[in-house]
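> my_file-v2.txt is reproduced below (compact mmCIF, C-alpha atoms).
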```txt
# COMPACT_ATOMS: atom_id res chain seq x y z
CA MET Y 1471 39.36 -0.64 -4.75
CA SER Y 1472 39.17 1.74 -7.70
CA CYS Y 1473 35.93 3.57 -6.92
CA LYS Y 1474 34.37 6.21 -9.17
CA ILE Y 1475 30.80 6.28 -7.87
CA ILE Y 1476 28.99 5.40 -4.64
CA PHE Y 1477 25.25 4.76 -4.26
CA PHE Y 1478 23.81 5.49 -0.82
CA ASP Y 1479 20.43 4.45 0.48
CA VAL Y 1480 19.12 7.33 2.59
CA ASP Y 1481 16.86 6.42 5.53
CA GLY Y 1482 18.74 4.24 7.98
CA THR Y 1483 21.97 4.55 5.97
CA LEU Y 1484 22.87 8.19 5.41
CA THR Y 1485 20.48 9.13 8.19
CA HIS Y 1486 20.42 8.07 11.84
CA HIS Y 1487 18.13 5.02 11.86
CA LYS Y 1488 16.24 6.35 14.91
CA SER Y 1489 16.25 10.15 14.74
CA GLY Y 1490 16.28 10.57 10.95
CA GLU Y 1491 19.14 13.10 11.12
CA ILE Y 1492 22.34 12.92 9.06
CA PRO Y 1493 25.34 12.41 11.38
CA GLU Y 1494 28.15 14.97 11.16
CA SER Y 1495 30.63 12.18 10.36
CA THR Y 1496 28.56 11.25 7.31
CA LYS Y 1497 28.41 14.86 6.14
CA ARG Y 1498 32.21 15.09 6.41
CA ALA Y 1499 32.66 11.82 4.56
CA ILE Y 1500 30.42 12.96 1.69
CA SER Y 1501 32.42 16.19 1.40
CA LEU Y 1502 35.73 14.30 1.30
CA LEU Y 1503 34.43 11.94 -1.38
CA ARG Y 1504 33.23 14.81 -3.54
CA ASN Y 1505 36.62 16.52 -3.20
CA LEU Y 1506 38.18 13.31 -4.54
CA GLY Y 1507 35.93 13.48 -7.59
CA ILE Y 1508 33.83 10.45 -6.62
CA ILE Y 1509 30.23 10.73 -7.82
CA ILE Y 1510 27.71 10.46 -4.98
CA VAL Y 1511 24.24 9.12 -5.70
CA ALA Y 1512 21.31 9.08 -3.29
CA ALA Y 1513 19.31 5.91 -4.00
CA THR Y 1514 16.14 6.13 -1.99
CA GLY Y 1515 12.49 5.28 -1.63
CA ARG Y 1516 11.86 8.97 -1.06
CA PRO Y 1517 10.34 11.19 -3.74
CA LEU Y 1518 12.63 13.89 -5.13
CA SER Y 1519 10.77 16.59 -3.19
CA MET Y 1520 12.03 15.05 0.08
CA CYS Y 1521 15.71 15.24 -0.88
CA GLU Y 1522 16.45 18.92 -0.19
CA GLU Y 1523 18.72 18.15 2.78
CA LEU Y 1524 20.76 15.84 0.56
CA LYS Y 1525 21.10 18.50 -2.12
CA GLU Y 1526 22.61 20.76 0.54
CA LEU Y 1527 25.40 18.18 0.90
CA GLY Y 1528 26.24 18.68 -2.77
CA ILE Y 1529 24.54 15.51 -4.00
CA ASP Y 1530 23.07 16.08 -7.47
CA VAL Y 1531 22.34 12.54 -8.71
CA PHE Y 1532 19.14 11.01 -7.34
CA ILE Y 1533 17.52 7.62 -7.71
CA THR Y 1534 14.12 8.24 -6.13
CA ALA Y 1535 10.84 6.32 -5.74
CA ASN Y 1536 12.86 3.11 -5.29
CA GLY Y 1537 14.20 3.43 -8.82
CA GLY Y 1538 11.16 4.85 -10.58
CA TYR Y 1539 12.58 8.35 -11.17
CA VAL Y 1540 16.26 9.16 -11.75
CA THR Y 1541 17.74 12.62 -12.22
CA TYR Y 1542 21.12 14.30 -12.60
CA GLN Y 1543 20.86 18.00 -11.80
CA ASN Y 1544 17.83 19.03 -13.90
CA GLU Y 1545 18.04 16.16 -16.37
CA VAL Y 1546 15.86 13.05 -16.19
CA ILE Y 1547 18.05 9.98 -16.78
CA HIS Y 1548 15.33 7.35 -16.32
CA LYS Y 1549 11.69 7.15 -15.30
CA VAL Y 1550 8.91 4.58 -15.17
CA SER Y 1551 5.39 5.97 -14.91
CA MET Y 1552 2.15 4.06 -14.28
CA SER Y 1553 -1.00 3.90 -16.39
CA LYS Y 1554 -3.37 6.63 -15.21
CA SER Y 1555 -6.49 4.57 -15.89
CA ASN Y 1556 -5.13 1.59 -13.94
CA VAL Y 1557 -4.16 3.81 -11.02
CA LYS Y 1558 -7.62 5.38 -10.96
CA GLU Y 1559 -9.21 1.92 -10.75
CA LEU Y 1560 -6.94 0.92 -7.87
CA VAL Y 1561 -7.55 4.20 -6.02
CA GLU Y 1562 -11.31 3.71 -6.26
CA PHE Y 1563 -11.02 0.16 -4.91
CA SER Y 1564 -8.79 1.24 -2.00
CA ASP Y 1565 -11.20 4.06 -1.13
CA SER Y 1566 -14.06 1.57 -0.94
CA LYS Y 1567 -11.99 -0.65 1.40
CA GLN Y 1568 -10.43 2.24 3.35
CA HIS Y 1569 -6.90 1.00 2.75
CA ALA Y 1570 -3.97 3.44 2.72
CA LEU Y 1571 -2.08 4.20 -0.48
CA SER Y 1572 0.91 6.46 -1.08
CA PHE Y 1573 1.84 8.01 -4.43
CA TYR Y 1574 5.31 8.99 -5.57
CA THR Y 1575 5.30 11.73 -8.17
CA LYS Y 1576 8.03 14.36 -7.95
CA GLY Y 1577 6.25 14.96 -4.66
CA PHE Y 1578 4.58 12.60 -2.20
CA HIS Y 1579 0.88 12.19 -1.46
CA MET Y 1580 -1.50 9.73 0.20
CA ASN Y 1581 -5.19 8.91 -0.15
CA GLY Y 1582 -6.12 10.20 3.30
CA VAL Y 1583 -6.57 6.90 5.14
CA GLN Y 1584 -5.01 7.26 8.58
CA GLU Y 1585 -4.26 4.55 11.14
CA GLU Y 1586 -1.49 3.71 13.57
CA GLY Y 1587 0.31 1.15 11.43
CA VAL Y 1588 0.53 3.56 8.51
CA LEU Y 1589 2.04 6.38 10.55
CA ALA Y 1590 4.60 4.02 12.10
CA ALA Y 1591 5.60 2.78 8.64
CA LEU Y 1592 5.93 6.34 7.31
CA PHE Y 1593 8.37 7.14 10.10
CA GLU Y 1594 10.35 3.92 9.72
CA THR Y 1595 10.71 4.25 5.95
CA LEU Y 1596 10.73 8.00 5.27
CA SER Y 1597 11.33 9.57 8.73
CA LEU Y 1598 7.90 11.25 8.47
CA GLN Y 1599 6.06 12.07 11.68
CA THR Y 1600 2.87 13.34 10.02
CA TYR Y 1601 0.71 12.21 7.12
CA PRO Y 1602 1.45 13.82 3.75
CA ASP Y 1603 -1.21 15.79 1.91
CA THR Y 1604 -3.91 14.18 -0.18
CA HIS Y 1605 -4.37 14.95 -3.87
CA PRO Y 1606 -7.98 14.94 -5.14
CA SER Y 1607 -7.06 13.67 -8.63
CA ILE Y 1608 -3.73 11.98 -8.03
CA TYR Y 1609 -4.30 9.50 -10.87
CA GLU Y 1610 -4.01 12.39 -13.33
CA GLU Y 1611 -0.39 12.96 -12.25
CA GLU Y 1612 2.67 11.09 -13.51
CA ILE Y 1613 3.16 8.44 -10.81
CA TYR Y 1614 6.51 6.65 -10.56
CA LEU Y 1615 5.72 4.40 -7.61
CA LEU Y 1616 2.61 3.42 -5.71
CA CYS Y 1617 2.62 1.77 -2.28
CA LEU Y 1618 -0.12 -0.10 -0.44
CA PHE Y 1619 -0.11 -0.27 3.37
CA GLY Y 1620 -1.40 -3.36 5.11
CA THR Y 1621 -1.04 -6.96 6.14
CA ASP Y 1622 -0.74 -9.93 3.78
CA GLU Y 1623 -4.51 -10.40 4.11
CA VAL Y 1624 -5.04 -6.89 2.75
CA VAL Y 1625 -2.57 -7.41 -0.09
CA ASP Y 1626 -4.25 -10.70 -1.06
CA GLN Y 1627 -7.45 -8.78 -1.85
CA TYR Y 1628 -5.54 -6.64 -4.34
CA LYS Y 1629 -3.77 -9.62 -5.90
CA MET Y 1630 -7.16 -11.12 -6.65
CA ARG Y 1631 -8.66 -7.88 -7.92
CA PHE Y 1632 -5.63 -6.63 -9.89
CA PRO Y 1633 -3.76 -9.61 -11.40
CA HIS Y 1634 -1.92 -7.30 -13.83
CA TYR Y 1635 0.00 -5.71 -10.92
CA THR Y 1636 2.99 -7.13 -9.07
CA PHE Y 1637 2.95 -6.64 -5.29
CA ARG Y 1638 6.42 -6.62 -3.72
CA ARG Y 1639 6.72 -6.32 0.04
CA TRP Y 1640 9.71 -4.34 1.28
CA HIS Y 1641 8.50 -3.44 4.78
CA PRO Y 1642 6.31 -5.38 7.25
CA TYR Y 1643 3.45 -2.99 6.50
CA VAL Y 1644 4.24 -1.68 2.99
CA VAL Y 1645 4.26 -3.21 -0.50
CA ASN Y 1646 5.21 -1.68 -3.82
CA VAL Y 1647 2.44 -1.90 -6.41
CA LEU Y 1648 4.16 -2.35 -9.78
CA GLU Y 1649 2.91 -2.37 -13.36
CA THR Y 1650 6.37 -2.92 -14.77
CA ASP Y 1651 9.46 -3.85 -12.80
CA VAL Y 1652 10.99 -0.96 -10.86
CA SER Y 1653 14.10 -1.39 -8.76
CA LYS Y 1654 17.16 0.43 -7.50
CA SER Y 1655 19.36 -2.01 -9.45
CA GLN Y 1656 17.75 -1.13 -12.79
CA ALA Y 1657 18.18 2.55 -11.97
CA ILE Y 1658 21.83 1.98 -11.04
CA VAL Y 1659 22.47 0.39 -14.44
CA LYS Y 1660 21.02 3.50 -16.11
CA VAL Y 1661 23.22 5.80 -14.00
CA LEU Y 1662 26.35 3.75 -14.72
CA GLU Y 1663 25.59 3.83 -18.43
CA TYR Y 1664 25.04 7.58 -18.30
CA PHE Y 1665 28.41 8.24 -16.63
CA LYS Y 1666 30.18 5.45 -18.56
CA ILE Y 1667 31.30 3.68 -15.38
CA GLN Y 1668 31.68 -0.08 -14.92
CA PRO Y 1669 29.83 -1.85 -12.07
CA SER Y 1670 33.21 -2.99 -10.71
CA GLU Y 1671 34.06 0.69 -10.13
CA ALA Y 1672 30.94 1.27 -8.04
CA MET Y 1673 30.07 0.82 -4.36
CA ALA Y 1674 26.68 0.84 -2.63
CA PHE Y 1675 25.49 1.24 0.96
CA GLY Y 1676 22.12 0.09 2.26
CA ASP Y 1677 20.12 -1.18 5.23
CA GLY Y 1678 16.94 -2.84 3.95
CA ASP Y 1679 15.76 -5.78 1.89
CA ASN Y 1680 14.93 -3.38 -0.94
CA ASP Y 1681 18.66 -2.62 -1.12
CA ILE Y 1682 19.68 -6.23 -1.81
CA ASP Y 1683 19.56 -5.93 -5.59
CA MET Y 1684 21.44 -2.63 -5.36
CA LEU Y 1685 24.34 -4.17 -3.44
CA GLU Y 1686 24.42 -7.12 -5.82
CA THR Y 1687 24.70 -4.82 -8.86
CA VAL Y 1688 27.94 -3.06 -7.88
CA GLY Y 1689 31.52 -4.09 -7.19
CA VAL Y 1690 31.34 -3.64 -3.43
CA GLY Y 1691 28.17 -3.76 -1.32
CA VAL Y 1692 28.13 -2.44 2.25
CA ALA Y 1693 25.36 -3.18 4.74
CA MET Y 1694 24.72 -1.16 7.88
CA GLU Y 1695 24.78 -3.06 11.17
CA ASN Y 1696 21.26 -1.73 11.81
CA GLY Y 1697 20.18 -3.29 8.52
CA SER Y 1698 18.17 -6.41 7.73
CA GLN Y 1699 19.69 -9.85 8.21
CA ARG Y 1700 19.14 -10.78 4.56
CA LEU Y 1701 21.05 -7.73 3.39
CA LYS Y 1702 23.94 -8.37 5.76
CA GLU Y 1703 24.22 -11.93 4.50
CA ILE Y 1704 24.83 -10.86 0.89
CA ALA Y 1705 26.98 -7.78 1.64
CA ASP Y 1706 30.73 -7.70 1.05
CA PHE Y 1707 31.15 -5.78 4.29
CA VAL Y 1708 28.96 -5.03 7.30
CA THR Y 1709 29.82 -1.69 8.82
CA LYS Y 1710 28.74 -0.10 12.09
CA LYS Y 1711 25.25 1.30 12.69
CA SER Y 1712 24.21 4.53 11.03
CA ASP Y 1713 24.29 6.29 14.42
CA GLU Y 1714 27.79 4.93 15.14
CA ASP Y 1715 29.54 6.61 12.17
CA GLY Y 1716 28.97 3.51 10.03
CA VAL Y 1717 29.34 5.26 6.67
CA GLU Y 1718 32.65 6.84 7.64
CA PHE Y 1719 33.89 3.56 9.16
CA ALA Y 1720 33.30 1.62 5.94
CA LEU Y 1721 34.90 4.29 3.75
CA ARG Y 1722 38.00 4.19 5.95
CA HIS Y 1723 37.99 0.40 5.82
CA TYR Y 1724 38.24 0.59 2.03
CA ASN Y 1725 40.81 3.42 2.21
CA LEU Y 1726 38.55 5.81 0.30
CA ILE Y 1727 38.96 8.51 2.94
CA SER Y 1728 41.82 8.89 5.38
CA GLN Y 1729 41.30 12.07 7.41
```
Please express what this file holds, its structure, as structure tokens.


Amino acid sequence: MSCKIIFFDVDGTLTHHKSGEIPESTKRAISLLRNLGIIIVAATGRPLSMCEELKELGIDVFITANGGYVTYQNEVIHKVSMSKSNVKELVEFSDSKQHALSFYTKGFHMNGVQEEGVLAALFETLSLQTYPDTHPSIYEEEIYLLCLFGTDEVVDQYKMRFPHYTFRRWHPYVVNVLETDVSKSQAIVKVLEYFKIQPSEAMAFGDGDNDIDMLETVGVGVAMENGSQRLKEIADFVTKKSDEDGVEFALRHYNLISQ
């Protein structure tokens, strides 16, 4: 294929899906792609502040907060921020119920509620082993994504209380809380427009259900073997697991790298 840009999900795709580390084969592959002039984009649920290791690989285009905040070097390409008054109302309700919330600004914060399911979800989605800091007046910040942790029973309480929000589950214990639609696919469209690249000239790699729209937006979509079944069903190609040199294997399959 004629490929000018590749979008990579991070956790479970660029990183080892168990240890959270970036395999050496993936680092080499990224370097080879950059030498070929192919634009590399990290498309992640992480906030920008948790992307330093990726910047060290030479990546300078970031879709963060699951599409809510998009940057190229120091320039903001696209962002979707939430109403501060609405966020404050939701924070107060969650505090009264002792439900966990996470907030994606340029950094990453939570509301201080700690329980086993939350910590497990933080590790599975962001490779975090500890709780992030709280922010006493988080609703005064520019928030690009807000997540609620809990079961469907918990989420149902919020659907009743906040009908103006959309609640989109992307992990067994995490839902996005959206005022307006935010997605990796919308962010990808903005990036493609910025660089004047056609979707047919783009490739994307992912491992989760929240990567489905991303893979459907580009010319070639690659799912990791360690990924969700739904994602693998819509992918053009299913590569090996992230800890089995899956990124490199797929790039060789498409003859984008050869050494």

> Which one of Y:Leu1726, Y:Val1583, Y:Val1540, Y:Leu1524 sits closest to Ser1566 (chain Y) if you count all atoms listed in the file?

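Under the stated criterion, the closest residue is Y:Val1583.
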
> What is the distance, in Å and to one decimal place, between CA of Glu1671 (chain Y) and CA of Phe1719 (chain Y)?

19.5 Å

> Around (19.1, 12.2, 10.1), as given in the file, which residues come within 9 Å? Count only C-alpha atoms and list them as a ChimeraX atom specification.

/Y:1480-1482,1484-1493,1597,1713

> Can I get the selection written as a CSV table (one decimal), keeping the file's coordinate frame, with C-alpha atoms?


```
chain,number,residue,atom,x,y,z
Y,1480,VAL,CA,19.1,7.3,2.6
Y,1481,ASP,CA,16.9,6.4,5.5
Y,1482,GLY,CA,18.7,4.2,8.0
Y,1484,LEU,CA,22.9,8.2,5.4
Y,1485,THR,CA,20.5,9.1,8.2
Y,1486,HIS,CA,20.4,8.1,11.8
Y,1487,HIS,CA,18.1,5.0,11.9
Y,1488,LYS,CA,16.2,6.4,14.9
Y,1489,SER,CA,16.2,10.2,14.7
Y,1490,GLY,CA,16.3,10.6,11.0
Y,1491,GLU,CA,19.1,13.1,11.1
Y,1492,ILE,CA,22.3,12.9,9.1
Y,1493,PRO,CA,25.3,12.4,11.4
Y,1597,SER,CA,11.3,9.6,8.7
Y,1713,ASP,CA,24.3,6.3,14.4
```

> Find, counting only C-alpha atoms, the residue in Y:Ile1529, Y:Val1550, Y:Ile1508, Y:Ala1513 that gets nearest to Ile1613 (chain Y).

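Looking only at the distances to Ile1613 (chain Y), the closest residue turns out to be Y:Val1550.
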
> Given all atoms listed in the file as the basis, pick out the residue of Y:Val1511, Y:Val1708, Y:Ile1547, Y:Met1552 nearest to Glu1612 (chain Y).

Y:Met1552

> Report the distance between CA of His1634 (chain Y) and CA of Ala1590 (chain Y) in Å, rounded to one decimal place.

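Straight-line distance from CA of His1634 (chain Y) to CA of Ala1590 (chain Y) works out to 29.0 Å.
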
> Measure the distance from CA of Gln1543 (chain Y) to CA of Ser1519 (chain Y) in Å and round it to one decimal.

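Between CA of Gln1543 (chain Y) and CA of Ser1519 (chain Y) the gap works out to 13.3 Å.
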
> Of the candidates Y:Thr1514, Y:Ser1572, Y:Thr1709, Y:Asn1725, which shows the shortest atom-to-atom distance to Phe1477 (chain Y), using only C-alpha atoms?

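The closest residue to Phe1477 (chain Y) is Y:Thr1514.
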
> Within 12 Å of Glu1545 (chain Y), counting only C-alpha atoms, which residues show up once you throw out same-chain ones fewer than 3 positions away? Write them as a list in words, please.

Asp1530, Val1531, Phe1532, Tyr1539, Val1540, Thr1541, Tyr1542, His1548, Lys1549, Val1661 and Tyr1664 of chain Y

> Can you pull out the residues contacting His1641 (chain Y)? Cut-off 12 Å, using only C-alpha atoms, and skip same-chain residues under 5 positions away; I want them as a list in words.

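Selected residues are Gly1515, Gly1587, Val1588, Ala1590, Ala1591, Leu1592, Phe1593, Glu1594, Thr1595, Leu1596, Cys1617, Leu1618, Phe1619, Gly1620, Thr1621, Asp1622, Asn1646, Asp1677, Gly1678, Asp1679, Asn1680, Asp1681 and Ser1698 of chain Y.
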
> Which residue gives the smallest distance to Lys1554 (chain Y) among Y:Leu1616, Y:Cys1521, Y:Leu1589, Y:Leu1527, with all atoms listed in the file counted?

Y:Leu1616

> Of the candidates Y:Ala1705, Y:Leu1560, Y:Ala1672, Y:Met1694, which shows the shortest atom-to-atom distance to Asp1479 (chain Y), using only C-alpha atoms?

Y:Met1694

> Go ahead and find all residues with at least one atom no further than 12 Å from (0.9, -4.3, -8.3) in the file's coordinates, using only C-alpha atoms; report them as an MDAnalysis selection string.

chainID Y and resid 1552:1553 1556:1557 1560 1571 1615:1618 1625:1639 1645:1652

> Quick one: everything within 12 Å of Ala1720 (chain Y), counting all atoms listed in the file, minus sequence neighbours fewer than 4 positions away in the same chain. Send it as a list in words.

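Final neighbour list, sorted by chain and number: Thr1483, Ser1495, Thr1496, Ala1499, Met1673, Ala1674, Phe1675, Gly1676, Val1690, Gly1691, Val1692, Ala1693, Met1694, Glu1695, Asp1706, Phe1707, Val1708, Thr1709, Lys1710, Lys1711, Ser1712, Glu1714, Asp1715, Gly1716, Tyr1724, Asn1725, Leu1726, Ile1727 and Ser1728 of chain Y.
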